[in-house]
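Have a look at the structure below before the remarks.
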Amino acid sequence: MQFVRRILASQETGLVIVVALLTVTLIAMAGSHADRATGMAVNNFWNANTIVQTLTDASFFAIMAIGATMVIISGGIDLSVGSIYALAGVTMALVLRAAGPMASGTTVVVGIVVCVGIGLLCGLLNGILVVGLRVHPFIITLGSMWVLRGVAFVISKAESILVPQSLTGVAKAPLGLGGGLYPVPMLAMIVLTVLGAIYLTRTVMGRHIFAFGGNLEASRFAGLALPRIQIGVFAVSGLTAGISAFLGASFYGSASSGDAQGYELYVIASAVVGGASLIGGKGSAVGAMLGALLIVLIRQSIRTLHFDQNYEWIVIGCAIIIAVVIDQWSTRMTARRLSRAAEATRSAA
Amino acid sequence: MIGMRAGWGSVVLAGVCAAALACSGGGADKAATAGDSTKAATSTGGKAIKIAMIAKSSDNPVFLAARTGAEAAAKELSAKHGVQVTVEWLTPPKEDGEVQAQRIRQAMNEGVDAILISCSDAGKVTGAINDAVDRGVTVMTFDSDAPQSKRFAFYGVDDPKAGQQTMAELAKVLNGKGNVAILAGNQNAPNLQRRVQGVKDEAAKYPGIKIVGVFNHIETPQDATAEVIRVNNAYPEITGWAFIGGWPLFATSLMTELDPSKQKVVSVDAIPVELPYVDKGVVPVLLAQSVYKWGHVGVTTIFDKLHDNKAPANPVMPMELVRVSKENLGDWARQLKEWGFTDVAPEYLKLPPAAK
């Protein structure tokens, strides 16, 4: 009973309900079309292709949002994830082009190592600069956002570089599904969300991140290794951007310096809609994933219901503001209720 | 129960999102309207043809003109053949090859018959185009091609030739000598890179002409205008500009910023907002892409393929640039008006026809 109550009380449950409501609405209102092969009526939203495609679209944001959420929980912000994505993808494509033809397995391993490695390095660099220079993460990552994209631009010479077919083969592996269904990015998102959730809630390092963001002074007095925690969260953020870049470049078949432009805002929005507090101490990997999914679903619904797509940014913007306002209102109400309860206990005593 | 409020607060969020979505329906898609308008004309029946149109960005007026052309063609074909042809506008708000690839997948999942696309990044969309073709969706490109893909046709200008023509016209007004800057738009767009190369190749034929630099920018009128002003301040020696796209001329501020006695400009594109530049002599020559035809020819070609199984003899269908100068300004203005542009200044419509 306690477990059920805890599940119901979690913020993720609210998001799941929102996603479910939106899904049901879409199924009901989407209409249908005749399947090209069978001639049978297929719901425009509730079909395997659209579901996998929606989850795939969400996966690139969601994976980055898991890392970015850790930065936000620590009280920081990472504006450079889109640029890390671009630099990691471009570097991987350039290295693989320079290396020439290799065995498929080798190509994939080299691609992953380069892409994830570059992401990790960029994240570490962000963290070291934040800690070393004692400058707010907003400023450091704002700067690195431009620097890293500039580096990607210079090294790629503004070219869109094709990645080897073996990488596309991995990212678009049907895994036995067939019918144009490519579940790999979606599965990667789910696996990374689970890993992120375990890291945040079941490991000491994860707990330290909450402590760091929730109360910096208390963490300092508790003797936590604050610089290590801060560098660590940026490293994880860079790492997830690198993983996302690998999947993105492989799935779409090329990498360019213009990739993921503006994605940092979608990533932060996913984290915030997923319940992360920009003042730190609150957030979850599952929430980030659900936040990304909700944003992509809102985009998808505009398309599926044939609404004017020019309203997309307005709707997403409204959703973000409302999510934050509700979150703050809820926090204030809870604090007030706890304070009243404490007062009542004192009076009774 | 602490988190309960936040959790259920999200349910309120869902309601608000739904309300916002409902409001967005107020401005219902023009494509849907076009579809509705054609229904009456097609009451005789016949298989409906649904075409998804994916241009590079929905804030670029040239693509809005292409959309007008596509919807007009859909209406004409519906009326002529008794087949309901609809155009669904799936253009991203800003240029993004990945989003275009996502839109291609969305379109095929929703059962469209064909896709008409201008590729922001050929590498990014080739895979999605091939998947669509493999699933029986007919794909045609316009403006910016994906030549390695399985698209059945491309309609657009020959980009190197467009660059060469721009430079040739500029060389003419500069009398074969001067310092030339190239305004080049998005650095990642392969079609623009080819136009730049065309400008350079042509410039090499004129010993008196020196290319000062190639200047990229975000493809909005404001960013493009700011880039021109910045470059002019930094390189006072510039005597000529080759705009390989008309971005800064989609705003009016260069009317006062450019001095035609010191600098000559030749630009690709000629939509209504650019006509005063020709009239006042600030830009003596515009090389017009018939942007309306991107949509019109695109939809017609797709219709021929789907309805009559007729593909063009050459998959690359070149579009000729139209030279617009003071001499034929009236003719061009009337042509734009005929294509459905509503913002053509009336004074240009009254200009006499060009002498034959």
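Numbering starts fresh at 1 for the residues of each chain in the structure tokens, the chains themselves are lettered A, B, ... in the order given, and ligands are numbered from 1 as they appear.
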Fill in: Nearby residues (only C-alpha atoms) at most 9 Å from Gln165 of chain B, same-chain spacing under 2 positions excluded, as a VMD selection string
chain B and resid 160 to 163 167 to 170 198 to 199 202 287 321
Worksheet item: Within 8 Å of Phe142 of chain B, counting only C-alpha atoms, which residues qualify if same-chain residues fewer than 6 places away don't, as a PyMOL selection string?
Response: chain B and resi 116-119+154-156+294+298
Worksheet item: Could you state the separation of atom CA of Leu226 of chain A and atom CA of Asn126 of chain A in Å, given to one decimal place?
Response: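 Here the two named atoms are 15.1 Å from each other.
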Worksheet item: A:Arg149, A:Arg337, A:Arg346, A:His306: which is nearest chain B, counting only C-alpha atoms?
Response: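 For chain B, the nearest of the candidates is A:His306.
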Worksheet item: In Å, how far is it from atom CA of Lys264 of chain B to atom CA of Gly208 of chain B?
Response: 15.2 Å
Discussion item. Please identify the helix (DSSP H, G or I) residues within segment 103-328 of chain A (assignment by DSSP from backbone atoms) and present them as a PyMOL selection string.
Written reply: chain A and resi 104-133+137-156+165-171+184-202+204-214+216-221+226-252+263-273+285-304+309-328
Practice prompt. Kindly indicate which residue among B:Asp159, B:Leu351, B:Asn233, B:Val87 lies nearest to Thr68 of chain B, using only C-alpha atoms for the distances.
Written response: B:Val87
Discussion item. I need the residue nearest chain B from this list: A:Ile326, A:Leu187, A:Val151, A:Ala86. Use only C-alpha atoms for the distance.
Written reply: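 Counting only C-alpha atoms, the residue closest to chain B is A:Ile326.
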Response to the item:
Between B:His81, B:Lys293, B:Arg195, B:Lys124, smallest distance to chain A by only C-alpha atoms belongs to B:Lys124
Item to complete: Go through B:Gly123, B:Gly246, B:Gly69, B:Gly330 one by one, measure the shortest atom-to-atom distance of each to chain A using only C-alpha atoms, and give the residue with the smallest value.
Response: B:Gly123
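Closest approach to Ile182 of chain B among B:Ile244, B:Val273, B:Ala224, B:Ala107: B:Ile244, based on only C-alpha atoms.
For Leu297 of chain A, the residues within 9 Å (counting only C-alpha atoms, excluding itself and residues fewer than 3 positions away along the chain) are Val19, Leu22, Thr23, Thr54, Leu55, Ala58, Ala292, Leu293, Leu294, Gln300, Ser301 and Ile302 of chain A.
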Worksheet entry | 7 Å contact set for segment 261-264 of chain A, only C-alpha atoms, chain neighbours under 6 positions out, as JSON, numbers by chain | {"A": [79, 80, 81, 82]}
